[in-house]
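Here the structure is laid out as structure tokens; the discussion comes afterwards.
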Amino acid sequence: MSLSDKLLNIQEKYIYIVLAVLLIFPLLKPLGLPITIEDITYTYYEGIEALPSDTLILAPHDASTGTEMEIGLSSHIVIKHLFRKGFDIVFCTICASGPPIFFETLKAEGLYEQFMDDYGTKYVYLDFIAGEEAGAASIAASIRVATGGKDYFGNDLDSLPLMQGVDSGGDFDVVVATDEHSLLSVMWMNQVAIPYDIPIYCNPLAAVGSTFWPYIDAGQMTAMLIGAKGAAGYEILMNDPGPAAANMDAQTFVHVYLLILVLGANVLLGIKKYGGVE
Amino acid sequence: MANTLSVEIGIWISAFMILCIYSWLYKYNKFFKFAESTMIGSAAGYLFIMGYNNIVNTSVRAIQIGKYWHILPILLGVSLFMRYVKNYEWIQRYGTAYLIAGTTAIFIRATIVTQVTQQIAATINYVSMATPMDILNSIIYLVFIVAVSGYFLFSERYSTKIPYYNVINKVGRYGFLTALGYYLGITVMTRIAFVSDRLRYLLFTWLKLSPF
Amino acid sequence: MSVTLKKHVPIGIMLILTIVLMVEYFFVVPDSYIVVTNEAKSFTVVIAAFAMALGAFNILQMHGKKVVEKKSGWKYSAWIITVMVIFIVVGLVGGSKSYWFVWLWECLLRQPDATSYSLIGFVAIYSIYMAFRIDSREILYFTCIWVISFAANAPIGPLVFPWLPGVQGWLKMVPNSAATRGFYIATALSAIVIGIRTLIGRTRAGME
């Protein structure tokens with residue numbers, strides 16, 4: 001096998017080993033490589049900043065174990081921002097893994113005590129509702145019917161000051177999908193944001209976010225934080241660099257690595273085909 | 001003390017599971033099969049409990065406060081389990097029918113507005129003749145939308161019925177390749193973030209290393 | 001009578017529920033109508049919750065049969081059932097909010113599930129390296145789009161090539177957005193047609 005053939009057919013294990021090294025090195029020795037912030041991240045941040053302090057937010061936190069690794073980066077910083085601004089927030093979820101991940105997020109950001117102290121007056125957590133889009137539609141129609149009239153802790157919703165006069169999607173000012181598994185924020189857009197004509201902010205996976213541009217263009221979604229890069233940019237805007245910003249060094253290394261692999265392979269292929277070189 | 005110990009044991013069990021899953025990268029083996037089986041059983045058990053809680057919190061609670069019509073969803077839900085009873089499998093069609101109708105109707109009615117009419121309206125609003133670049137963008141936009149829609153909606157059997165089918169097919173294919181190429185360029189970041197998160201857990205949570 | 005009960009009544013349920021929910025969305029209806037549809041939607045949620053629980057029974061049936069008949073891999077099936085039963089017992093006794101239930105979820109579901117998703121990262125890198133070999137015009141076009149999008153998305157990309165964000169931005173908002181929109185319209189129309197066919201009983205999805 002010639003050298004070019006070997007380089008064009010590198011075994012999987014060597015690719016994986018180099019990938020692992022390129023990911024481990026920046027985790028252990030952060031380099032602080034520069035990060036660019038996308039325009040849509042600015043739009044998201046400035047949109048949240050501009051909301052009045054008495055805004056009532058519906059915050060679906062649809063975390064799933066499979067996608068939390070990337071979306072968790074943005075959900076942590078967005079929840080921190082919402083708490084810092086002092087909004088009234090009703091959290092809910094249509095994802096089965098939502099509740100434990102939500103409380104873990106609060107504890108990780110040091111917000112759990114604040115959440116429990118102001119529970120009922122500024123924050124409410126509705127329990128998991130099955131059925132995905134049917135669950136979102138049920139919450140949008142009537143929270144009391146969808147949840148059986150009680151919250152996650154078993155409190156009567158009518159006994160909570162925040163829930164006085166709040167029962168349907170139209171009673172909220174903004175939807176901020178603080179965490180989003182796959183296409184669930186499209187379901188919230190379909191069932192709450194568009195029927196009740198209220199803005200929706202979401203933070204999808206980078207992979208999924210690239211398909212949301214038609215919604216942004218049509219004005220159906222207000223803004224989005226796209227994946228780990230959006231989360232890193234948001235942390236910088238919040239002056240609170242954290243795991244997302246730290247992740248960007250690894251992203252840079254792997255992006256360069258893959259570009260070298262793909263472009264190098266094609267250049268070699270071209271030389272082999274047209275240069276007559278073995 | 002018990003709490004700290006259980007957390008520490010939990011971290012070691014989690015790390016073992018992670019390494020079992022990653023062993024697949026070398027080859028499919030018994031450790032991976034063990035971890036995979038654990039995941040399947042856990043997922044089934046976890047979803048059972050979450051579903052059970054949802055049923056108790058909504059319908060059972062509603063019946064307890066006098067909303068007796070909530071016996072209906074319980075009966076329809078139980079009918080789903082009739083698939084396991086010989087000669088009575090047809091009863092599960094009642095629960096399935098309600099579930100399909102409920103979810104489909106909710107999905108379709110929103111989709112008609114958000115994915116069709118509002119998207120078409122946004123396309124019309126996009127068209128602009130202000131500058132030469134706007135004109136070019138508008139032409140590309142309209143051509144791609146029509147071609148990609150046609151590429152997906154009309155299969156080979158329409159090739160003789162639709163004029164310029166081959167052109168629509170080719171342009172639609174390139175349009176879809178554009179979207180797919182753009183999508184793939186972004187998706188690698190997601191995959192790398194996943195791997196990075198796992199390595200971070202192993203290095204910082206399990207091995208208790210810290211960045212230097 | 002038998003055919004009516006087995007076939008026509010379920011289709012009738014689908015039709016009636018669909019019409020009720022569609023009318024609510026597209027027409028102005030009295031409040032009493034909305035009360036009924038709110039309950040109808042919550043019924044869907046409850047039945048979906050039963051479907052979640054159905055998964056456990058399916059696992060029990062499938063893997064239980066394997067254990068009883070001692071087929072190949074029956075030990076793994078026995079382990080699956082054991083883990084499932086442990087989760088259910090802990091969840092029913094302590095509740096889903098209890099420390100041990102969440103501890104079990106963390107160790108036995110969350111971490112391995114997240115790791116199995118991350119396997120795609122490794123496989124994706126290798127697949128892209130092997131697949132993107134330019135030998136036709138379409139692959140050349142596809143690879144060019146991919147390179148621009150990929151390089152611009154790299155955190156350092158726009159700093160090394162300042163013109164990249166502009167090109168990527170145009171790519172994102174014009175051809176990509178147009179193609180994605182075309183895809184959405186086509187799939188939405190197809191989904192609507194398939195949904196209507198299912199609701200009037202022209203397809204038998206889930207109704208065997």
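Residues are referred to by chain and number: the chain letter is A, B, ... according to the order shown in the structure tokens, the number counts from 1 in that chain, and ligands are numbered separately from 1 in the order shown.
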Do a neighbour search on B:Leu72 at 12 Å with only C-alpha atoms, toss out local chain neighbours closer than 3 positions, and write the hits as JSON, numbers by chain. {"B": [59, 60, 62, 63, 67, 68, 69, 75, 76, 77, 78, 79, 94, 95, 98], "C": [39, 40, 42, 43, 44, 46, 47]}
Selection above as a file: C-alpha atoms, as a CSV table (one decimal), in the first residue's frame:
chain,number,residue,atom,x,y,z
B,59,SER,CA,-57.1,11.9,35.8
B,60,VAL,CA,-57.1,10.1,39.1
B,62,ALA,CA,-59.7,14.8,38.8
B,63,ILE,CA,-61.9,11.8,39.6
B,67,LYS,CA,-64.8,15.1,37.6
B,68,TYR,CA,-66.1,11.6,36.9
B,69,TRP,CA,-65.8,12.0,33.1
B,75,LEU,CA,-60.5,3.3,30.2
B,76,LEU,CA,-59.1,4.3,26.8
B,77,GLY,CA,-55.5,4.1,28.2
B,78,VAL,CA,-56.1,0.7,29.7
B,79,SER,CA,-57.5,-0.4,26.4
B,94,TYR,CA,-60.1,2.6,20.8
B,95,GLY,CA,-57.2,4.0,22.8
B,98,TYR,CA,-58.1,8.6,20.3
C,39,GLU,CA,-60.7,18.3,28.5
C,40,ALA,CA,-60.3,16.5,25.2
C,42,SER,CA,-56.0,16.5,28.5
C,43,PHE,CA,-57.5,13.1,27.7
C,44,THR,CA,-54.8,12.8,24.9
C,46,VAL,CA,-53.4,10.9,29.8
C,47,ILE,CA,-53.6,8.3,27.1
Residues of chain A near chain C: apply a cut-off of 7 Å, count only C-alpha atoms, and supply the list as a PyMOL selection string. chain A and resi 12+15-16+34-36+65-66+100+130-131+134-135+138+141-142+145-146+211+213-214+248+251-252+255+258+261-262+266
Could you state the separation of atom CA of A:Tyr274 and atom CA of C:Glu138 in Å, given to one decimal place? 19.3 Å
Could you tell me which residues of chain B sit within 9 Å of chain A when counting only C-alpha atoms, and give me the result as a PDB file with N, CA and C atoms, in the first residue's frame?
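Contents of iface.pdb, freshly written:
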ATOM      1  N   LEU B  25     -16.204   1.657  20.642  1.00  0.00           N
ATOM      2  CA  LEU B  25     -15.332   2.245  19.620  1.00  0.00           C
ATOM      3  C   LEU B  25     -14.202   1.290  19.248  1.00  0.00           C
ATOM      4  N   TYR B  26     -13.839   0.433  20.202  1.00  0.00           N
ATOM      5  CA  TYR B  26     -12.819  -0.572  19.911  1.00  0.00           C
ATOM      6  C   TYR B  26     -13.468  -1.735  19.178  1.00  0.00           C
ATOM      7  N   TYR B  46     -38.068   4.041  34.034  1.00  0.00           N
ATOM      8  CA  TYR B  46     -38.215   5.477  34.286  1.00  0.00           C
ATOM      9  C   TYR B  46     -39.461   6.026  33.613  1.00  0.00           C
ATOM     10  N   LEU B  47     -39.660   5.652  32.344  1.00  0.00           N
ATOM     11  CA  LEU B  47     -40.831   6.151  31.611  1.00  0.00           C
ATOM     12  C   LEU B  47     -42.129   5.617  32.220  1.00  0.00           C
ATOM     13  N   MET B  50     -42.814   7.867  35.193  1.00  0.00           N
ATOM     14  CA  MET B  50     -43.230   9.224  34.789  1.00  0.00           C
ATOM     15  C   MET B  50     -44.641   9.192  34.199  1.00  0.00           C
ATOM     16  N   GLY B  51     -44.940   8.158  33.429  1.00  0.00           N
ATOM     17  CA  GLY B  51     -46.285   8.014  32.874  1.00  0.00           C
ATOM     18  C   GLY B  51     -47.308   7.775  33.977  1.00  0.00           C
ATOM     19  N   ASN B  53     -47.106   8.669  37.132  1.00  0.00           N
ATOM     20  CA  ASN B  53     -47.302   9.928  37.885  1.00  0.00           C
ATOM     21  C   ASN B  53     -48.240  10.868  37.146  1.00  0.00           C
ATOM     22  N   ASN B  54     -48.052  10.961  35.835  1.00  0.00           N
ATOM     23  CA  ASN B  54     -48.882  11.857  35.020  1.00  0.00           C
ATOM     24  C   ASN B  54     -50.357  11.436  35.111  1.00  0.00           C
ATOM     25  N   ASN B  57     -51.669  12.247  38.645  1.00  0.00           N
ATOM     26  CA  ASN B  57     -51.790  13.696  38.882  1.00  0.00           C
ATOM     27  C   ASN B  57     -52.917  14.345  38.096  1.00  0.00           C
ATOM     28  N   THR B  58     -53.278  13.776  36.959  1.00  0.00           N
ATOM     29  CA  THR B  58     -54.336  14.399  36.144  1.00  0.00           C
ATOM     30  C   THR B  58     -55.668  13.669  36.362  1.00  0.00           C
ATOM     31  N   SER B  59     -55.827  12.511  35.755  1.00  0.00           N
ATOM     32  CA  SER B  59     -57.145  11.869  35.765  1.00  0.00           C
ATOM     33  C   SER B  59     -57.578  11.343  37.127  1.00  0.00           C
ATOM     34  N   VAL B  60     -56.671  10.667  37.841  1.00  0.00           N
ATOM     35  CA  VAL B  60     -57.063  10.103  39.140  1.00  0.00           C
ATOM     36  C   VAL B  60     -57.442  11.227  40.103  1.00  0.00           C
ATOM     37  N   ARG B  61     -56.617  12.288  40.085  1.00  0.00           N
ATOM     38  CA  ARG B  61     -56.891  13.438  40.952  1.00  0.00           C
ATOM     39  C   ARG B  61     -58.215  14.093  40.568  1.00  0.00           C
ATOM     40  N   ALA B  62     -58.482  14.162  39.255  1.00  0.00           N
ATOM     41  CA  ALA B  62     -59.718  14.796  38.771  1.00  0.00           C
ATOM     42  C   ALA B  62     -60.944  13.994  39.237  1.00  0.00           C
ATOM     43  N   GLY B 102     -56.070  12.750  18.485  1.00  0.00           N
ATOM     44  CA  GLY B 102     -55.708  13.910  19.298  1.00  0.00           C
ATOM     45  C   GLY B 102     -54.395  14.526  18.854  1.00  0.00           C
ATOM     46  N   THR B 103     -53.362  13.697  18.763  1.00  0.00           N
ATOM     47  CA  THR B 103     -52.040  14.228  18.423  1.00  0.00           C
ATOM     48  C   THR B 103     -51.992  14.714  16.974  1.00  0.00           C
ATOM     49  N   THR B 104     -52.627  13.979  16.058  1.00  0.00           N
ATOM     50  CA  THR B 104     -52.587  14.368  14.645  1.00  0.00           C
ATOM     51  C   THR B 104     -53.343  15.672  14.415  1.00  0.00           C
ATOM     52  N   ILE B 106     -54.004  18.065  16.560  1.00  0.00           N
ATOM     53  CA  ILE B 106     -53.258  19.171  17.167  1.00  0.00           C
ATOM     54  C   ILE B 106     -52.083  19.557  16.279  1.00  0.00           C
ATOM     55  N   PHE B 107     -51.405  18.567  15.727  1.00  0.00           N
ATOM     56  CA  PHE B 107     -50.251  18.819  14.872  1.00  0.00           C
ATOM     57  C   PHE B 107     -50.671  19.458  13.543  1.00  0.00           C
ATOM     58  N   ALA B 110     -52.006  23.220  13.573  1.00  0.00           N
ATOM     59  CA  ALA B 110     -50.933  24.214  13.744  1.00  0.00           C
ATOM     60  C   ALA B 110     -50.028  24.251  12.519  1.00  0.00           C
ATOM     61  N   THR B 111     -49.770  23.093  11.940  1.00  0.00           N
ATOM     62  CA  THR B 111     -48.858  23.007  10.796  1.00  0.00           C
ATOM     63  C   THR B 111     -49.413  23.761   9.587  1.00  0.00           C
ATOM     64  N   VAL B 113     -51.037  26.409   9.503  1.00  0.00           N
ATOM     65  CA  VAL B 113     -50.770  27.836   9.658  1.00  0.00           C
ATOM     66  C   VAL B 113     -49.267  28.124   9.650  1.00  0.00           C
ATOM     67  N   THR B 114     -48.526  27.439  10.531  1.00  0.00           N
ATOM     68  CA  THR B 114     -47.123  27.831  10.730  1.00  0.00           C
ATOM     69  C   THR B 114     -46.195  27.362   9.623  1.00  0.00           C
ATOM     70  N   GLN B 115     -46.420  26.160   9.096  1.00  0.00           N
ATOM     71  CA  GLN B 115     -45.481  25.603   8.124  1.00  0.00           C
ATOM     72  C   GLN B 115     -45.884  25.855   6.686  1.00  0.00           C
ATOM     73  N   GLN B 118     -48.027  30.668   6.688  1.00  0.00           N
ATOM     74  CA  GLN B 118     -47.120  31.733   7.139  1.00  0.00           C
ATOM     75  C   GLN B 118     -45.774  31.665   6.421  1.00  0.00           C
ATOM     76  N   GLN B 119     -45.333  30.490   6.082  1.00  0.00           N
ATOM     77  CA  GLN B 119     -44.065  30.360   5.342  1.00  0.00           C
ATOM     78  C   GLN B 119     -44.220  30.908   3.925  1.00  0.00           C
ATOM     79  N   ALA B 121     -46.417  33.189   3.031  1.00  0.00           N
ATOM     80  CA  ALA B 121     -46.535  34.648   3.191  1.00  0.00           C
ATOM     81  C   ALA B 121     -45.162  35.280   3.389  1.00  0.00           C
ATOM     82  N   ALA B 122     -44.321  34.629   4.178  1.00  0.00           N
ATOM     83  CA  ALA B 122     -42.969  35.165   4.417  1.00  0.00           C
ATOM     84  C   ALA B 122     -42.157  35.172   3.127  1.00  0.00           C
ATOM     85  N   THR B 123     -42.384  34.163   2.283  1.00  0.00           N
ATOM     86  CA  THR B 123     -41.683  34.109   0.992  1.00  0.00           C
ATOM     87  C   THR B 123     -42.084  35.288   0.126  1.00  0.00           C
ATOM     88  N   ASN B 125     -43.274  38.116   1.136  1.00  0.00           N
ATOM     89  CA  ASN B 125     -42.710  39.328   1.759  1.00  0.00           C
ATOM     90  C   ASN B 125     -41.224  39.478   1.491  1.00  0.00           C
ATOM     91  N   TYR B 126     -40.547  38.346   1.284  1.00  0.00           N
ATOM     92  CA  TYR B 126     -39.101  38.375   1.080  1.00  0.00           C
ATOM     93  C   TYR B 126     -38.746  39.035  -0.263  1.00  0.00           C
ATOM     94  N   ALA B 179     -28.875  22.986   1.460  1.00  0.00           N
ATOM     95  CA  ALA B 179     -29.363  22.966   2.845  1.00  0.00           C
ATOM     96  C   ALA B 179     -28.650  21.890   3.652  1.00  0.00           C
ATOM     97  N   TYR B 182     -24.976  22.895   4.354  1.00  0.00           N
ATOM     98  CA  TYR B 182     -24.938  23.902   5.406  1.00  0.00           C
ATOM     99  C   TYR B 182     -25.213  23.253   6.757  1.00  0.00           C
ATOM    100  N   TYR B 183     -26.234  22.388   6.790  1.00  0.00           N
ATOM    101  CA  TYR B 183     -26.624  21.699   8.017  1.00  0.00           C
ATOM    102  C   TYR B 183     -25.478  20.841   8.563  1.00  0.00           C
ATOM    103  N   LEU B 184     -24.823  20.113   7.662  1.00  0.00           N
ATOM    104  CA  LEU B 184     -23.732  19.218   8.086  1.00  0.00           C
ATOM    105  C   LEU B 184     -22.549  20.012   8.617  1.00  0.00           C
ATOM    106  N   GLY B 185     -22.345  21.204   8.028  1.00  0.00           N
ATOM    107  CA  GLY B 185     -21.254  22.054   8.506  1.00  0.00           C
ATOM    108  C   GLY B 185     -21.460  22.508   9.936  1.00  0.00           C
ATOM    109  N   ILE B 186     -22.728  22.666  10.322  1.00  0.00           N
ATOM    110  CA  ILE B 186     -23.029  23.141  11.674  1.00  0.00           C
ATOM    111  C   ILE B 186     -23.127  21.970  12.640  1.00  0.00           C
ATOM    112  N   THR B 187     -23.546  20.808  12.148  1.00  0.00           N
ATOM    113  CA  THR B 187     -23.883  19.706  13.048  1.00  0.00           C
ATOM    114  C   THR B 187     -22.675  19.116  13.753  1.00  0.00           C
ATOM    115  N   VAL B 188     -21.486  19.269  13.147  1.00  0.00           N
ATOM    116  CA  VAL B 188     -20.287  18.696  13.778  1.00  0.00           C
ATOM    117  C   VAL B 188     -20.068  19.326  15.152  1.00  0.00           C
ATOM    118  N   MET B 189     -20.391  20.609  15.282  1.00  0.00           N
ATOM    119  CA  MET B 189     -20.217  21.286  16.568  1.00  0.00           C
ATOM    120  C   MET B 189     -21.040  20.593  17.659  1.00  0.00           C
ATOM    121  N   THR B 190     -22.263  20.208  17.314  1.00  0.00           N
ATOM    122  CA  THR B 190     -23.122  19.500  18.260  1.00  0.00           C
ATOM    123  C   THR B 190     -22.475  18.192  18.698  1.00  0.00           C
ATOM    124  N   ARG B 191     -21.992  17.428  17.743  1.00  0.00           N
ATOM    125  CA  ARG B 191     -21.405  16.108  18.055  1.00  0.00           C
ATOM    126  C   ARG B 191     -20.159  16.270  18.918  1.00  0.00           C
ATOM    127  N   ILE B 192     -19.345  17.269  18.607  1.00  0.00           N
ATOM    128  CA  ILE B 192     -18.119  17.484  19.373  1.00  0.00           C
ATOM    129  C   ILE B 192     -18.450  17.964  20.781  1.00  0.00           C
ATOM    130  N   ALA B 193     -19.494  18.786  20.911  1.00  0.00           N
ATOM    131  CA  ALA B 193     -19.911  19.234  22.247  1.00  0.00           C
ATOM    132  C   ALA B 193     -20.323  18.038  23.097  1.00  0.00           C
ATOM    133  N   PHE B 194     -20.970  17.053  22.478  1.00  0.00           N
ATOM    134  CA  PHE B 194     -21.373  15.844  23.208  1.00  0.00           C
ATOM    135  C   PHE B 194     -20.133  15.111  23.743  1.00  0.00           C
ATOM    136  N   VAL B 195     -19.158  14.896  22.858  1.00  0.00           N
ATOM    137  CA  VAL B 195     -17.961  14.157  23.267  1.00  0.00           C
ATOM    138  C   VAL B 195     -17.199  14.934  24.330  1.00  0.00           C
ATOM    139  N   SER B 196     -17.088  16.245  24.121  1.00  0.00           N
ATOM    140  CA  SER B 196     -16.377  17.107  25.057  1.00  0.00           C
ATOM    141  C   SER B 196     -16.996  17.038  26.453  1.00  0.00           C
ATOM    142  N   ASP B 197     -18.322  17.008  26.492  1.00  0.00           N
ATOM    143  CA  ASP B 197     -19.017  16.940  27.779  1.00  0.00           C
ATOM    144  C   ASP B 197     -18.705  15.640  28.505  1.00  0.00           C
ATOM    145  N   ARG B 198     -18.683  14.537  27.770  1.00  0.00           N
ATOM    146  CA  ARG B 198     -18.390  13.232  28.376  1.00  0.00           C
ATOM    147  C   ARG B 198     -16.966  13.200  28.910  1.00  0.00           C
ATOM    148  N   LEU B 199     -16.030  13.722  28.120  1.00  0.00           N
ATOM    149  CA  LEU B 199     -14.625  13.735  28.564  1.00  0.00           C
ATOM    150  C   LEU B 199     -14.465  14.639  29.784  1.00  0.00           C
ATOM    151  N   ARG B 200     -15.225  15.749  29.802  1.00  0.00           N
ATOM    152  CA  ARG B 200     -15.175  16.643  30.947  1.00  0.00           C
ATOM    153  C   ARG B 200     -15.653  15.920  32.207  1.00  0.00           C
ATOM    154  N   LEU B 203     -12.861  13.468  33.251  1.00  0.00           N
ATOM    155  CA  LEU B 203     -11.643  14.109  33.761  1.00  0.00           C
ATOM    156  C   LEU B 203     -11.906  14.852  35.063  1.00  0.00           C
ATOM    157  N   LEU B 209      -9.495  15.742  38.196  1.00  0.00           N
ATOM    158  CA  LEU B 209      -8.409  16.582  37.701  1.00  0.00           C
ATOM    159  C   LEU B 209      -8.927  18.013  37.622  1.00  0.00           C
ATOM    160  N   SER B 210      -7.989  18.948  37.476  1.00  0.00           N
ATOM    161  CA  SER B 210      -8.433  20.327  37.250  1.00  0.00           C
ATOM    162  C   SER B 210      -7.547  20.951  36.182  1.00  0.00           C
ATOM    163  N   PRO B 211      -8.069  21.935  35.462  1.00  0.00           N
ATOM    164  CA  PRO B 211      -7.267  22.546  34.392  1.00  0.00           C
ATOM    165  C   PRO B 211      -5.990  23.181  34.950  1.00  0.00           C
ATOM    166  N   PHE B 212      -4.865  23.012  34.198  1.00  0.00           N
ATOM    167  CA  PHE B 212      -3.653  23.697  34.664  1.00  0.00           C
ATOM    168  C   PHE B 212      -3.197  24.773  33.705  1.00  0.00           C
TER     169      PHE B 212
END
Using DSSP on the backbone, list every residue of stretch 50-96 of chain A that comes out as strand (DSSP E or B), and give them as an NGL selection string. :A and (56-61 or 88-93)
Can those selected residues be exported to a file as a short mmCIF file (atom, residue, chain, number, x, y, z; two decimals), in the first residue's frame so that it contains N, CA and C atoms?
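File produced: part.cif:
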data_model
loop_
_atom_site.label_atom_id
_atom_site.label_comp_id
_atom_site.auth_asym_id
_atom_site.auth_seq_id
_atom_site.Cartn_x
_atom_site.Cartn_y
_atom_site.Cartn_z
N LEU A 56 -44.08 38.33 32.55
CA LEU A 56 -44.40 36.96 32.96
C LEU A 56 -43.94 36.02 31.85
N ILE A 57 -43.03 35.13 32.22
CA ILE A 57 -42.40 34.28 31.22
C ILE A 57 -42.87 32.84 31.39
N LEU A 58 -43.21 32.19 30.27
CA LEU A 58 -43.42 30.75 30.25
C LEU A 58 -42.11 30.15 29.78
N ALA A 59 -41.49 29.34 30.63
CA ALA A 59 -40.16 28.82 30.33
C ALA A 59 -40.19 27.30 30.26
N PRO A 60 -40.50 26.72 29.12
CA PRO A 60 -40.42 25.26 28.99
C PRO A 60 -38.96 24.82 29.10
N HIS A 61 -38.72 23.88 29.98
CA HIS A 61 -37.35 23.37 30.16
C HIS A 61 -37.35 21.89 29.78
N ASP A 88 -40.87 37.14 36.53
CA ASP A 88 -41.75 36.10 37.05
C ASP A 88 -41.77 34.97 36.03
N ILE A 89 -41.49 33.76 36.49
CA ILE A 89 -41.30 32.66 35.53
C ILE A 89 -42.11 31.44 35.95
N VAL A 90 -42.83 30.88 34.97
CA VAL A 90 -43.50 29.60 35.16
C VAL A 90 -42.75 28.58 34.31
N PHE A 91 -42.09 27.65 34.97
CA PHE A 91 -41.36 26.60 34.27
C PHE A 91 -42.28 25.41 34.05
N CYS A 92 -42.04 24.69 32.96
CA CYS A 92 -42.80 23.46 32.72
C CYS A 92 -41.94 22.58 31.82
N THR A 93 -42.43 21.36 31.58
CA THR A 93 -41.68 20.47 30.68
C THR A 93 -42.59 19.43 30.06
#
Select all residues from chain B having any atom no more than 6 Å from an atom of chain C (counting only C-alpha atoms, ignoring ligands), output as number ranges by chain. B: 10, 14, 17-18, 37-39, 41-42, 44-45, 47-48, 51, 55, 73, 77, 90, 93-94, 97, 99, 101-102, 105, 108, 115-116, 141, 144-145, 148-149, 153, 175-179, 181-182, 185, 191-192, 194-195
How many Å separate atom CA of A:Ala63 from atom CA of B:Leu180? 25.9 Å
